Amino acid sequence: YHLGLKQDVFTKFGLPYKPLDKTSIAIEICNWGQLTKTDKGFVNYVGGIVPDDQVVEYSTPFKGYKYFHKYTDAQVESVGQLVQYWCERYGIPKTYNADMWDLNKNALAGVPGIYTHVSYRSDKADCHPQNNFIETLKSI
């Protein structure tokens with residue numbers, strides 16, 4: 001139940017419910033996600049402080065947030081290698097879809113491809129569109 005999908009998200013797109021958790025592969029990237037800038041610094045959702053050098057700032061807010069915990073180069077590289085392996089192993093199309101950062105009808109319809117949690121749920125902000133992460137996904 002890694003996607004946590006409910007009928008209402010399918011209804012929004014006029015699609016029948018599909019148990020996509022059973023036909024998809026999930027990668028969990030350890031990361032604090034969205035951050036709030038305060039006088040104490042960048043604060044995560046449980047009140048912890050994230051060092052300034054670990055923050056990425058978006059000029060246009062993503063999912064209502066301007067600041068996110070930056071993925072490390074090692075995380076980006078590792079996820080890229082894993083996605084490439086799984087695409088080759090299971091015949092998943094490697095085409096980068098720029099609309100994967102929004103609720104996505106193709107993802108919900110079960111169209112094979114590379115998606116993120118935000119492709120399936122409007123209440124999620126993982127993964128966020130960090131530039132080097134996007135470039136890695138495009139290079140697969």
# chains A, B, ... in the order shown; residues from 1 in each chain; ligands from 1

call {"tool": "residues_around", "arguments": {"residues": "Lys94 of chain A", "least_positions_apart": "6", "cutoff": "10 Å", "atoms": "only C-alpha atoms", "output": "list in words"}}
result
Val83, Gln84, Trp86, Cys87, Glu88, Pro112, Gly113, Ile114, Leu137, Lys138, Ser139 and Ile140 of chain A

call {"tool": "closest_atom_pairs", "arguments": {"of": "segment 29-128 of chain A", "to": "segment 12-25 of chain A", "cutoff": "8 Å", "atoms": "only C-alpha atoms", "output": "CSV"}}
result
residue,atom,partner,partner_atom,distance
A:Lys105,CA,A:Phe13,CA,6.5
A:Leu108,CA,A:Lys18,CA,7.8
A:Ala109,CA,A:Leu15,CA,6.8
A:Gly110,CA,A:Leu20,CA,6.8

call {"tool": "write_last_selection", "arguments": {"atoms": "N, CA and C atoms", "output": "mmCIF file, in the first residue's frame"}}
result
data_model
loop_
_atom_site.group_PDB
_atom_site.id
_atom_site.type_symbol
_atom_site.label_atom_id
_atom_site.label_comp_id
_atom_site.auth_asym_id
_atom_site.auth_seq_id
_atom_site.Cartn_x
_atom_site.Cartn_y
_atom_site.Cartn_z
ATOM 1 N N LYS A 105 -2.907 11.769 -15.086
ATOM 2 C CA LYS A 105 -3.920 10.818 -15.551
ATOM 3 C C LYS A 105 -3.287 9.524 -16.056
ATOM 4 N N LEU A 108 -2.334 7.336 -13.110
ATOM 5 C CA LEU A 108 -3.521 6.756 -12.480
ATOM 6 C C LEU A 108 -4.202 5.713 -13.361
ATOM 7 N N ALA A 109 -4.038 5.832 -14.668
ATOM 8 C CA ALA A 109 -4.617 4.857 -15.590
ATOM 9 C C ALA A 109 -3.759 3.597 -15.681
ATOM 10 N N GLY A 110 -2.572 3.638 -15.069
ATOM 11 C CA GLY A 110 -1.683 2.473 -15.100
ATOM 12 C C GLY A 110 -0.826 2.395 -16.344
#

call {"tool": "residues_around", "arguments": {"residues": "segment 32-40 of chain A", "least_positions_apart": "6", "cutoff": "8 Å", "atoms": "only C-alpha atoms", "output": "number ranges by chain"}}
result
A: 49, 65-69, 125-128

call {"tool": "select_by_dssp", "arguments": {"residues": "segment 28-137 of chain A", "states": "helix (DSSP H, G or I)", "output": "MDAnalysis selection string"}}
result
chainID A and resid 52:54 73:90 98:101 105:109 117:120 131:137

call {"tool": "atom_distance", "arguments": {"atom1": "atom CA of Gly4 of chain A", "atom2": "atom CA of Arg121 of chain A"}}
result
8.4 Å

call {"tool": "select_by_dssp", "arguments": {"residues": "chain A", "states": "strand (DSSP E)", "output": "VMD selection string"}}
result
chain A and resid 34 to 38 41 to 43 49 to 50 55 to 62 65 to 69

call {"tool": "closest_residue", "arguments": {"among": "A:Ala26, A:Asn31, A:Thr11, A:Tyr120", "to": "Val76 of chain A", "atoms": "only C-alpha atoms"}}
result
A:Asn31

call {"tool": "residues_around", "arguments": {"residues": "Ala74 of chain A", "least_positions_apart": "3", "cutoff": "12 Å", "atoms": "only C-alpha atoms", "output": "PyMOL selection string"}}
result
chain A and resi 29-30+70-71+77-81+132-133+136

call {"tool": "closest_residue", "arguments": {"among": "A:Val50, A:Gly64, A:Ile27, A:Lys6", "to": "Tyr115 of chain A", "atoms": "only C-alpha atoms"}}
result
A:Ile27

call {"tool": "atom_distance", "arguments": {"atom1": "atom CA of Val43 of chain A", "atom2": "atom CA of Asn131 of chain A"}}
result
21.8 Å
